[in-house]
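**Q** Pasting a structure below so you can have a look.
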Amino acid sequence: MNPNKEFLKNKANALPERPGVYLMKDQHNEVLYVGKAKSLKQRVVSYFRKNQQHANKVLRLVYNVVDFETIETDTELDALLLECRLIQAFHPIYNRQMNHSANYCFVDLTNHSFTITQTPQIGSYGHFRQTKKLPVLFQLLSETFQLPTVNELTLLTLRKQLPQMEAYSLEEKWREIGCFFAGKKTDCFSLLKKRLAYLIDHLLFEQASVLQREIHLAESFYQEIVRVNQFIQEPEVIFSIPQEPVSQTTQLKYYQVSFGKLIQTNILSPEEKFQPLPPSSAALPLAPEDLDPLGIILNHLYRQEKAAEK
């Protein structure tokens with residue numbers, strides 16, 4: 001039992017119902033964990049309540065926490081972005097996401113092979129976050145384009161599914177695979193649909209089910225590449241969020257993004273007009289530390305779009 005639990009619980013109960021970031025610290029004042037919250041009070045208090053649903057990781061964290069610090073923010077998006085910066089600064093042992101640039105990688109297709117690298121090479125593709133999915137994608141693309149690395153027995157089956165692949169040269173196959181990882185127009189998905197149709201027509205439903213899951217993975221991976229590529233080419237993106245908590249007199253917080261990077265924020269009343277800064281003159285290469293904030297902003301805009309559609 002953490003002897004400071006009652007002190008921590010009382011301190012948490014005094015927190016505001018506002019968004020922000022909390023930093024859990026140990027006896028040496030080292031940051032163990034950084035988290036974000038829409039409501040600091042509700043989130044932090046939850047750590048110090050008796051809860052049977054707490055994972056072992058959370059129980060270990062709470063046992064070692066001696067104190068915590070909080071930073072209020074204007075919006076939940078601000079909390080997410082600040083959480084990211086603090087994780088990158090402190091590298092807390094209980095944070096996994098956004099903690100290391102090694103979570104990102106590049107795909108190198110030179111020499112007609114799939115290679116995962118941590119640093120960009122000439123002609124490589126990336127950065128990619130879904131590193132654990134890459135081997136599945138490599139296998140799916142190798143089989144669909146019937147690359148020489150696929151064993152002969154599997155190739156016999158694949159040629160029945162996609163006989164037209166014999167008309168592709170090896171260079172054309174690798175060019176199509178490169179287009180997939182670059183988020184450009186590719187024959188990949190039309191070929192995958194033909195493979196799926198063949199399996200269904202021949203009543204191979206179990207194989208069709210496996211292929212369908214792999215196609216879904218490939219589509220989500222590809223669409224994320226396309227969204228990122230489009231976003232980092234936009235010289236100006238402006239959006240606003242009501243300050244938390246929302247009320248009738250809530251001010252709006254404006255965000256200006258240029259080529260994927262946040263360049264200005266400003267809090268205004270609903271009657272005031274946002275004055276944008278001149279956008280950047282050109283897109284600059286993204287550093288590893290830019291990738292998580294980019295993903296956070298993109299996900300926020302995606303959720304805004306989906307909410308507007310309802």
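Residue numbering restarts at 1 in every chain; chains get A, B, ... in the order shown in the structure tokens, and ligands count up from 1 in that same order.
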Taking 2 positions as the minimum chain separation for residues in the same chain, which residues sit within 7 Å of Phe128 (chain A) when counting only C-alpha atoms? Answer as a list in words.
**A**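 So the residues in contact are Tyr104, Cys105, Phe106, Gly126, Gln130 and Thr131 of chain A.
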**Q** Counting only C-alpha atoms, what is within 10 Å of region 10-14 of chain A, bar same-chain residues fewer than 4 positions away, as a list in words?
**A**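 The neighbour list is Lys5, Glu6, Leu40, Lys41, Gln42, Arg43, Val44, Val45, Ser46, Tyr47, Phe48, Asp67, Phe68, Glu69 and Thr70 of chain A.
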**Q** Region 39-171 of chain A: which residues are helix (DSSP H, G or I) by DSSP, as a PyMOL selection string?
**A** chain A and resi 40-47+56-64+76-90+101-103+110-112+131-144+152-161+163-167+170-171
**Q** Write the selection just made, keeping C-alpha atoms, as a JSON list (two decimals), in the first residue's frame?
**A**
[["chain", "number", "residue", "atom", "x", "y", "z"],
["A", 40, "LEU", "CA", -8.00, 16.52, -14.65],
["A", 41, "LYS", "CA", -10.01, 15.88, -11.51],
["A", 42, "GLN", "CA", -11.91, 12.86, -12.83],
["A", 43, "ARG", "CA", -8.89, 11.29, -14.46],
["A", 44, "VAL", "CA", -6.35, 11.69, -11.68],
["A", 45, "VAL", "CA", -8.80, 10.73, -8.92],
["A", 46, "SER", "CA", -9.49, 7.46, -10.78],
["A", 47, "TYR", "CA", -5.91, 6.31, -10.11],
["A", 56, "ASN", "CA", -1.25, -4.52, -13.20],
["A", 57, "LYS", "CA", 0.75, -1.78, -14.91],
["A", 58, "VAL", "CA", -1.48, 0.89, -13.36],
["A", 59, "LEU", "CA", -1.29, -0.75, -9.93],
["A", 60, "ARG", "CA", 2.53, -0.77, -10.11],
["A", 61, "LEU", "CA", 2.54, 2.86, -11.21],
["A", 62, "VAL", "CA", 0.26, 3.98, -8.36],
["A", 63, "TYR", "CA", 2.34, 2.07, -5.82],
["A", 64, "ASN", "CA", 5.45, 4.00, -6.87],
["A", 76, "GLU", "CA", -8.28, 18.53, -24.88],
["A", 77, "LEU", "CA", -6.28, 18.85, -28.11],
["A", 78, "ASP", "CA", -3.81, 21.10, -26.29],
["A", 79, "ALA", "CA", -3.55, 18.44, -23.59],
["A", 80, "LEU", "CA", -2.74, 15.80, -26.19],
["A", 81, "LEU", "CA", -0.07, 17.94, -27.82],
["A", 82, "LEU", "CA", 1.48, 18.89, -24.47],
["A", 83, "GLU", "CA", 1.41, 15.26, -23.32],
["A", 84, "CYS", "CA", 3.34, 14.35, -26.47],
["A", 85, "ARG", "CA", 6.01, 17.02, -25.92],
["A", 86, "LEU", "CA", 6.49, 16.03, -22.28],
["A", 87, "ILE", "CA", 6.78, 12.33, -23.10],
["A", 88, "GLN", "CA", 9.42, 13.18, -25.70],
["A", 89, "ALA", "CA", 11.25, 15.32, -23.12],
["A", 90, "PHE", "CA", 11.15, 12.97, -20.11],
["A", 101, "SER", "CA", 11.43, 7.83, -32.50],
["A", 102, "ALA", "CA", 12.40, 4.15, -32.89],
["A", 103, "ASN", "CA", 8.64, 3.51, -32.96],
["A", 110, "THR", "CA", 16.02, -1.00, -53.32],
["A", 111, "ASN", "CA", 17.62, -4.19, -54.60],
["A", 112, "HIS", "CA", 14.09, -5.61, -55.05],
["A", 131, "THR", "CA", 5.67, -1.26, -37.74],
["A", 132, "LYS", "CA", 4.16, -4.50, -36.47],
["A", 133, "LYS", "CA", 1.88, -4.64, -39.50],
["A", 134, "LEU", "CA", 4.66, -4.32, -42.05],
["A", 135, "PRO", "CA", 5.62, -8.04, -42.24],
["A", 136, "VAL", "CA", 1.98, -8.91, -43.02],
["A", 137, "LEU", "CA", 1.91, -6.24, -45.73],
["A", 138, "PHE", "CA", 5.22, -7.44, -47.17],
["A", 139, "GLN", "CA", 3.85, -10.98, -47.42],
["A", 140, "LEU", "CA", 0.56, -9.80, -48.93],
["A", 141, "LEU", "CA", 2.28, -7.69, -51.58],
["A", 142, "SER", "CA", 4.85, -10.39, -52.36],
["A", 143, "GLU", "CA", 2.10, -12.91, -53.00],
["A", 144, "THR", "CA", -0.19, -10.56, -54.91],
["A", 152, "GLU", "CA", 6.79, -22.33, -56.02],
["A", 153, "LEU", "CA", 3.79, -24.19, -54.60],
["A", 154, "THR", "CA", 2.20, -20.95, -53.43],
["A", 155, "LEU", "CA", 2.94, -19.36, -56.81],
["A", 156, "LEU", "CA", 1.00, -22.13, -58.59],
["A", 157, "THR", "CA", -2.09, -21.19, -56.60],
["A", 158, "LEU", "CA", -1.54, -17.46, -57.00],
["A", 159, "ARG", "CA", -1.20, -17.75, -60.78],
["A", 160, "LYS", "CA", -4.70, -19.23, -60.89],
["A", 161, "GLN", "CA", -6.00, -16.28, -58.86],
["A", 163, "PRO", "CA", -3.06, -15.02, -64.30],
["A", 164, "GLN", "CA", -2.65, -11.46, -65.63],
["A", 165, "MET", "CA", 0.32, -10.97, -63.32],
["A", 166, "GLU", "CA", 2.53, -12.85, -65.81],
["A", 167, "ALA", "CA", 2.28, -9.78, -68.08],
["A", 170, "LEU", "CA", 9.64, -7.42, -62.27],
["A", 171, "GLU", "CA", 10.33, -3.68, -62.53]]
**Q** Based on the backbone DSSP call, show me all residues of region 43-278 of chain A assigned strand (DSSP E or B), as a ChimeraX atom specification.
**A** /A:67-72,105-108,115-117,125-128,237-242,252-258,261-268
**Q** How about saving the chosen residues, N, CA, C and O atoms kept, as a short mmCIF file (atom, residue, chain, number, x, y, z; two decimals), in the first residue's frame?
**A**
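File written: again_34.cif
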data_model
loop_
_atom_site.label_atom_id
_atom_site.label_comp_id
_atom_site.auth_asym_id
_atom_site.auth_seq_id
_atom_site.Cartn_x
_atom_site.Cartn_y
_atom_site.Cartn_z
N ASP A 67 4.11 11.73 -5.69
CA ASP A 67 3.48 13.03 -5.92
C ASP A 67 3.13 13.14 -7.40
O ASP A 67 3.55 12.31 -8.23
N PHE A 68 2.34 14.14 -7.72
CA PHE A 68 2.05 14.42 -9.12
C PHE A 68 1.95 15.92 -9.34
O PHE A 68 1.71 16.69 -8.41
N GLU A 69 2.15 16.29 -10.59
CA GLU A 69 2.05 17.70 -11.01
C GLU A 69 1.05 17.76 -12.14
O GLU A 69 0.94 16.83 -12.94
N THR A 70 0.30 18.84 -12.21
CA THR A 70 -0.66 19.00 -13.31
C THR A 70 -0.45 20.33 -14.02
O THR A 70 0.03 21.30 -13.42
N ILE A 71 -0.80 20.35 -15.29
CA ILE A 71 -0.74 21.57 -16.10
C ILE A 71 -2.08 21.70 -16.82
O ILE A 71 -2.45 20.81 -17.60
N GLU A 72 -2.80 22.76 -16.55
CA GLU A 72 -4.09 22.97 -17.21
C GLU A 72 -3.86 23.45 -18.66
O GLU A 72 -2.89 24.15 -18.95
N CYS A 105 9.56 3.91 -38.58
CA CYS A 105 10.57 3.30 -39.44
C CYS A 105 10.32 3.70 -40.89
O CYS A 105 9.31 4.32 -41.23
N PHE A 106 11.25 3.31 -41.73
CA PHE A 106 11.16 3.51 -43.17
C PHE A 106 11.18 2.15 -43.86
O PHE A 106 11.68 1.18 -43.31
N VAL A 107 10.64 2.14 -45.06
CA VAL A 107 10.67 0.92 -45.88
C VAL A 107 11.55 1.19 -47.09
O VAL A 107 11.30 2.13 -47.86
N ASP A 108 12.56 0.37 -47.23
CA ASP A 108 13.51 0.49 -48.34
C ASP A 108 13.25 -0.65 -49.32
O ASP A 108 13.29 -1.83 -48.94
N THR A 115 13.03 -3.97 -46.84
CA THR A 115 13.93 -3.76 -45.71
C THR A 115 13.38 -2.66 -44.83
O THR A 115 12.99 -1.59 -45.32
N ILE A 116 13.31 -2.92 -43.53
CA ILE A 116 12.87 -1.92 -42.56
C ILE A 116 14.10 -1.24 -41.97
O ILE A 116 15.02 -1.91 -41.50
N THR A 117 14.13 0.09 -42.02
CA THR A 117 15.26 0.85 -41.48
C THR A 117 14.76 1.92 -40.52
O THR A 117 13.61 2.35 -40.60
N TYR A 125 10.71 4.88 -48.17
CA TYR A 125 9.36 5.39 -47.91
C TYR A 125 9.13 5.44 -46.40
O TYR A 125 9.57 4.58 -45.66
N GLY A 126 8.36 6.42 -45.95
CA GLY A 126 8.07 6.53 -44.52
C GLY A 126 8.08 7.99 -44.12
O GLY A 126 8.21 8.87 -44.97
N HIS A 127 7.88 8.25 -42.84
CA HIS A 127 7.91 7.41 -41.65
C HIS A 127 6.60 6.62 -41.52
O HIS A 127 5.56 7.15 -41.82
N PHE A 128 6.69 5.40 -40.97
CA PHE A 128 5.52 4.58 -40.71
C PHE A 128 5.46 4.24 -39.22
O PHE A 128 6.47 3.89 -38.61
N VAL A 237 -3.97 25.35 -43.02
CA VAL A 237 -5.16 24.69 -42.46
C VAL A 237 -5.50 25.42 -41.18
O VAL A 237 -4.66 25.55 -40.28
N ILE A 238 -6.73 25.93 -41.07
CA ILE A 238 -7.18 26.66 -39.89
C ILE A 238 -8.44 26.00 -39.35
O ILE A 238 -9.37 25.71 -40.10
N PHE A 239 -8.46 25.75 -38.05
CA PHE A 239 -9.66 25.20 -37.42
C PHE A 239 -9.77 25.74 -36.01
O PHE A 239 -8.80 26.31 -35.47
N SER A 240 -10.93 25.57 -35.40
CA SER A 240 -11.15 26.10 -34.05
C SER A 240 -11.84 25.07 -33.18
O SER A 240 -12.52 24.17 -33.68
N ILE A 241 -11.65 25.22 -31.85
CA ILE A 241 -12.25 24.33 -30.86
C ILE A 241 -12.76 25.19 -29.71
O ILE A 241 -12.06 26.11 -29.26
N PRO A 242 -13.96 24.92 -29.19
CA PRO A 242 -14.42 25.65 -28.00
C PRO A 242 -13.53 25.33 -26.80
O PRO A 242 -13.08 24.19 -26.63
N LEU A 252 -13.40 30.63 -28.46
CA LEU A 252 -12.88 29.63 -29.39
C LEU A 252 -11.36 29.70 -29.43
O LEU A 252 -10.78 30.79 -29.42
N LYS A 253 -10.74 28.54 -29.49
CA LYS A 253 -9.29 28.52 -29.68
C LYS A 253 -9.02 28.14 -31.13
O LYS A 253 -9.46 27.08 -31.60
N TYR A 254 -8.27 28.99 -31.83
CA TYR A 254 -7.95 28.77 -33.24
C TYR A 254 -6.56 28.17 -33.37
O TYR A 254 -5.64 28.51 -32.62
N TYR A 255 -6.43 27.31 -34.36
CA TYR A 255 -5.16 26.64 -34.65
C TYR A 255 -4.85 26.86 -36.14
O TYR A 255 -5.71 26.65 -36.99
N GLN A 256 -3.61 27.26 -36.41
CA GLN A 256 -3.16 27.42 -37.79
C GLN A 256 -2.01 26.45 -38.04
O GLN A 256 -0.99 26.48 -37.33
N VAL A 257 -2.18 25.61 -39.04
CA VAL A 257 -1.18 24.61 -39.40
C VAL A 257 -0.70 24.89 -40.81
O VAL A 257 -1.50 25.19 -41.71
N SER A 258 0.62 24.81 -41.00
CA SER A 258 1.20 25.03 -42.33
C SER A 258 2.15 23.88 -42.65
O SER A 258 3.09 23.61 -41.90
N LYS A 261 2.75 21.48 -39.78
CA LYS A 261 3.30 21.97 -38.50
C LYS A 261 2.43 23.10 -37.95
O LYS A 261 2.01 24.00 -38.68
N LEU A 262 2.17 23.03 -36.64
CA LEU A 262 1.38 24.06 -35.97
C LEU A 262 2.22 25.32 -35.84
O LEU A 262 3.29 25.31 -35.24
N ILE A 263 1.73 26.44 -36.42
CA ILE A 263 2.52 27.67 -36.40
C ILE A 263 1.89 28.77 -35.55
O ILE A 263 2.56 29.75 -35.21
N GLN A 264 0.59 28.63 -35.19
CA GLN A 264 -0.04 29.67 -34.38
C GLN A 264 -1.31 29.14 -33.72
O GLN A 264 -2.04 28.35 -34.31
N THR A 265 -1.55 29.57 -32.47
CA THR A 265 -2.84 29.37 -31.82
C THR A 265 -3.27 30.70 -31.22
O THR A 265 -2.43 31.54 -30.88
N ASN A 266 -4.59 30.88 -31.10
CA ASN A 266 -5.09 32.13 -30.54
C ASN A 266 -6.50 31.91 -30.00
O ASN A 266 -7.29 31.19 -30.61
N ILE A 267 -6.78 32.50 -28.83
CA ILE A 267 -8.09 32.39 -28.21
C ILE A 267 -8.88 33.67 -28.50
O ILE A 267 -8.41 34.77 -28.21
N LEU A 268 -10.08 33.51 -29.08
CA LEU A 268 -10.90 34.66 -29.47
C LEU A 268 -12.34 34.44 -29.04
O LEU A 268 -12.80 33.30 -28.89
#
**Q** Name the residues in contact with region 208-223 of chain A at a cut-off of 6 Å, using only C-alpha atoms, excluding same-chain residues fewer than 3 positions from it; report them as a ChimeraX atom specification.
**A** /A:183,196,199,205,226
**Q** Between A:Ile177, A:Ile296, A:Leu109, A:Ile232, which one has atoms that come closest to Ser280 (chain A), using only C-alpha atoms?
**A**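 Under the stated criterion, the closest residue is A:Ile232.
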**Q** Extract, using only C-alpha atoms, all DNA, RNA and protein residues at most 7 Å from Gln233 (chain A), discarding same-chain residues fewer than 2 positions from it, and format them as a list in words.
**A**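 Listing them by chain and then by number gives Asn229, Gln230, Phe231, Pro235, Phe259 and Ala283 of chain A.
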